[in-house]
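Data block below; observations after.
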Amino acid sequence: MGFIGDTVESIRSIQIRQVLAQIISLGMIVTSALIIWKGLMVATGSESPVVVVLSGSMEPGFKRGDILFLHMSKDPIRTGEIVVFNIDGREIPIVHRVIKVHEREESAEVDILTKGDNNFGDDRLLYAHGQLWLHQHHIMGRAVGFLPYVGWVTIIMTEKPFIKYLLIGALGLLVITSKE
Amino acid sequence: MHSWVQRLLTTATTAALLLLAACCAASALDAFHVPSVQAQAHVTKINRFHKQLNGNDKVTLTFNLSANLESLFTWSTKQVFVFLTAEYENSKNSLNQVSLWDHIIPDKDKANLQVEVKSKYPLIDQGSSLRGKKVQLVLHWHVMPKAGVMIRDRMALSEFNLPDSYTS
């Protein structure tokens, strides 16, 4: 009875000023999250500074559920780097290692070939039909650091939307009922 | 005064912050670690050298490699990804880097490599510039930690000349 009763009581006793204050503090939380994300985008130069590993193609280096931090500097792409790239006609970006680089002298255009550490062959089968090489514009960023397991939160939330709504609901209730 | 929800949140936040700090500290320590890698590699045989139907030169070769990578490992290292590339210039490209072989070293006990192997990936040119070409063998390594910042480095090993004519 205690917790539920307290909760109901605290919702009932809400004053209009308090409601306004809570709306503002909720707004602060949302906007500061947005500021951090956009700030990371500017600092790393990558349109998605953090990605979640979804497949086991880079095991044992990266497992499903690990998160990678990306950086997109002006430095040219070289073999051995782990890059995140988009293929035309595919929605989900891929994280694999560069195994070949051919770079033109005057235009500095590059042809790149990638492969997953845990895959047998290179990635030409994953590329668009007839595509032999990746170019600079396919590359979203290179992986510079990683954290294990953290990405499971987003994997679970995308695969089980029910848990996402439960979490959002619980957080919303917490914000409404907190008195500070 | 504090409800159990508040206590739970505070505990979780503190735990996350401490883990983050430990992770940053580990990466910072790794930055001061100066490894001393010793390595040698030589091409021992050109197995096949020909021009493919699409006009690109293709070489398969055998090389020996001895490399001591033990000093790359620290307490927070998960694995070292080591690979050998052939690098050369030609009239079309100012840089060609082609992976010939790679290997994952899971721990320090296995970091002293002595191998003689065939190239895992063939050396395929963009075009046919490889006859008589001088090619540099370069050893690269990519140190992947249990969490944190990854480190990459390379060491040029030896040069070899491809033959002036195709073998078949």
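Letters for chains follow the order of the structure tokens (A, B, ...), residue numbers begin at 1 for each chain, and ligand numbers begin at 1 in the order shown.
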| said: Within 10 Å of chain B, which residues belong to chain A? Use only C-alpha atoms and report them as a PyMOL selection string. | reply: chain A and resi 3+60-62+66-69+78-82+98-113+117+121-122+143-148+174+178
| Near-B:Ala67 list (10 Å; only C-alpha atoms; drop same-chain fewer than 2 positions) as a PyMOL selection string | chain B and resi 37-41+65+69-70+82+111-115+139
| request: Once DSSP has gone over the backbone, tell me which residues of stretch 14-128 of chain B are in strand (DSSP E), as an NGL selection string. | output: :B and (38-51 or 57-68 or 77-88 or 93-105 or 112-118 or 123-124)
| Residue among B:Leu19, B:Leu72, B:Ile46, B:Ala31 lying closest to B:Thr60, counting only C-alpha atoms |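 Ranking B:Leu19, B:Leu72, B:Ile46, B:Ala31 by distance to B:Thr60, first place goes to B:Ile46.
For stretch 53-164 of chain A, backbone-based DSSP assignment of alpha helix (DSSP H) covers Trp152, Val153, Thr154, Ile155, Ile156, Met157, Thr158, Glu159, Pro161, Phe162, Ile163 and Lys164 of chain A.
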| message | Measuring between only C-alpha atoms, which one of A:Ser25, A:Pro49, A:Ser73, A:Thr114 shows the shortest distance to A:Leu132? | response | A:Thr114
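Using only C-alpha atoms for every distance, the candidate list B:Thr13, B:Thr74, B:Ser36, B:Ser128 yields B:Ser128 as the residue closest to B:Ser165.
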| field | Selection: 12 Å around A:Gly56, only C-alpha atoms, excl. self and same-chain fewer than 6 positions, as a list in words | value |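 My reading of the contact set: Phe62, Lys63, Arg64, Gly65, Asp66, Ile94, Val95, His96, Gly116, Asp117, Asn118 and Asn119 of chain A.
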Please dump the current selection as a short mmCIF file (atom, residue, chain, number, x, y, z; two decimals), in the first residue's frame; keep all heavy atoms.
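The result, written out as result-v7.cif:
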data_model
loop_
_atom_site.label_atom_id
_atom_site.label_comp_id
_atom_site.auth_asym_id
_atom_site.auth_seq_id
_atom_site.Cartn_x
_atom_site.Cartn_y
_atom_site.Cartn_z
N PHE A 62 34.69 -7.50 -31.59
CA PHE A 62 33.43 -6.88 -31.18
C PHE A 62 32.34 -7.93 -31.18
O PHE A 62 32.20 -8.69 -32.13
CB PHE A 62 33.01 -5.78 -32.16
CG PHE A 62 34.04 -4.72 -32.36
CD1 PHE A 62 34.26 -4.21 -33.63
CD2 PHE A 62 34.77 -4.24 -31.30
CE1 PHE A 62 35.22 -3.22 -33.82
CE2 PHE A 62 35.72 -3.26 -31.49
CZ PHE A 62 35.94 -2.75 -32.76
N LYS A 63 31.55 -7.96 -30.12
CA LYS A 63 30.41 -8.86 -30.05
C LYS A 63 29.14 -8.07 -30.20
O LYS A 63 29.13 -6.85 -30.04
CB LYS A 63 30.41 -9.60 -28.71
CG LYS A 63 31.58 -10.53 -28.53
CD LYS A 63 31.35 -11.42 -27.33
CE LYS A 63 32.45 -12.44 -27.19
NZ LYS A 63 33.74 -11.82 -26.79
N ARG A 64 28.05 -8.78 -30.51
CA ARG A 64 26.74 -8.14 -30.57
C ARG A 64 26.46 -7.45 -29.24
O ARG A 64 26.64 -8.04 -28.17
CB ARG A 64 25.70 -9.23 -30.84
CG ARG A 64 24.28 -8.77 -30.97
CD ARG A 64 23.46 -9.94 -31.46
NE ARG A 64 22.06 -9.84 -31.08
CZ ARG A 64 21.16 -9.15 -31.77
NH1 ARG A 64 21.52 -8.52 -32.86
NH2 ARG A 64 19.90 -9.09 -31.37
N GLY A 65 26.03 -6.19 -29.30
CA GLY A 65 25.72 -5.46 -28.08
C GLY A 65 26.82 -4.53 -27.60
O GLY A 65 26.60 -3.74 -26.69
N ASP A 66 28.01 -4.60 -28.20
CA ASP A 66 29.06 -3.64 -27.86
C ASP A 66 28.75 -2.31 -28.54
O ASP A 66 28.09 -2.28 -29.57
CB ASP A 66 30.43 -4.13 -28.37
CG ASP A 66 30.89 -5.38 -27.65
OD1 ASP A 66 30.26 -5.75 -26.65
OD2 ASP A 66 31.88 -5.98 -28.10
N ILE A 94 27.27 -0.94 -41.75
CA ILE A 94 28.08 -2.13 -41.44
C ILE A 94 29.41 -1.68 -40.82
O ILE A 94 29.99 -0.69 -41.25
CB ILE A 94 28.33 -2.95 -42.72
CG1 ILE A 94 27.00 -3.36 -43.35
CG2 ILE A 94 29.18 -4.17 -42.44
CD1 ILE A 94 27.12 -4.03 -44.70
N VAL A 95 29.89 -2.44 -39.84
CA VAL A 95 31.17 -2.17 -39.18
C VAL A 95 32.15 -3.26 -39.58
O VAL A 95 31.99 -4.40 -39.13
CB VAL A 95 31.03 -2.19 -37.65
CG1 VAL A 95 32.34 -1.80 -36.99
CG2 VAL A 95 29.92 -1.29 -37.18
N HIS A 96 33.14 -2.96 -40.44
CA HIS A 96 34.12 -3.97 -40.83
C HIS A 96 35.50 -3.35 -40.98
O HIS A 96 35.66 -2.13 -40.97
CB HIS A 96 33.71 -4.64 -42.15
CG HIS A 96 32.71 -5.73 -41.97
ND1 HIS A 96 32.11 -6.38 -43.02
CD2 HIS A 96 32.19 -6.31 -40.86
CE1 HIS A 96 31.26 -7.29 -42.56
NE2 HIS A 96 31.29 -7.26 -41.26
N GLY A 116 34.90 -8.54 -42.70
CA GLY A 116 34.67 -8.78 -41.28
C GLY A 116 35.71 -9.77 -40.76
O GLY A 116 36.00 -10.76 -41.43
N ASP A 117 36.30 -9.51 -39.59
CA ASP A 117 37.36 -10.38 -39.06
C ASP A 117 36.90 -11.83 -38.97
O ASP A 117 37.69 -12.75 -39.12
CB ASP A 117 37.76 -9.93 -37.64
CG ASP A 117 38.56 -8.63 -37.68
OD1 ASP A 117 38.79 -8.12 -38.79
OD2 ASP A 117 38.93 -8.16 -36.59
N ASN A 118 35.62 -12.02 -38.70
CA ASN A 118 35.10 -13.37 -38.48
C ASN A 118 34.48 -13.98 -39.74
O ASN A 118 34.00 -15.10 -39.73
CB ASN A 118 34.05 -13.31 -37.35
CG ASN A 118 33.74 -14.66 -36.77
OD1 ASN A 118 34.58 -15.56 -36.81
ND2 ASN A 118 32.55 -14.82 -36.23
N ASN A 119 34.49 -13.20 -40.84
CA ASN A 119 33.92 -13.71 -42.09
C ASN A 119 35.01 -14.38 -42.91
O ASN A 119 36.18 -14.00 -42.85
CB ASN A 119 33.31 -12.58 -42.92
CG ASN A 119 32.04 -12.04 -42.28
OD1 ASN A 119 31.58 -12.58 -41.29
ND2 ASN A 119 31.51 -10.99 -42.85
#
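Rounded to one decimal, atom CA of A:Glu47 and atom CA of A:Gly141 lie 8.3 Å from each other.
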| task | For A:Pro93, work out the shell of residues within 7 Å, counting only C-alpha atoms and skipping chain neighbours fewer than 6 positions away, then give it as a PyMOL selection string. | result | chain A and resi 84-86
| request: Do a neighbour search on A:Asp88 at 12 Å with only C-alpha atoms, toss out local chain neighbours closer than 3 positions, and write the hits as a PyMOL selection string. | output: chain A and resi 85+91-94+126-131+134-135+137-139
| query | Please, what distance in Å, to one decimal, runs between atom CA of A:Ser46 and atom CA of B:Leu18? | reply |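 Here the two named atoms are 27.3 Å from each other.
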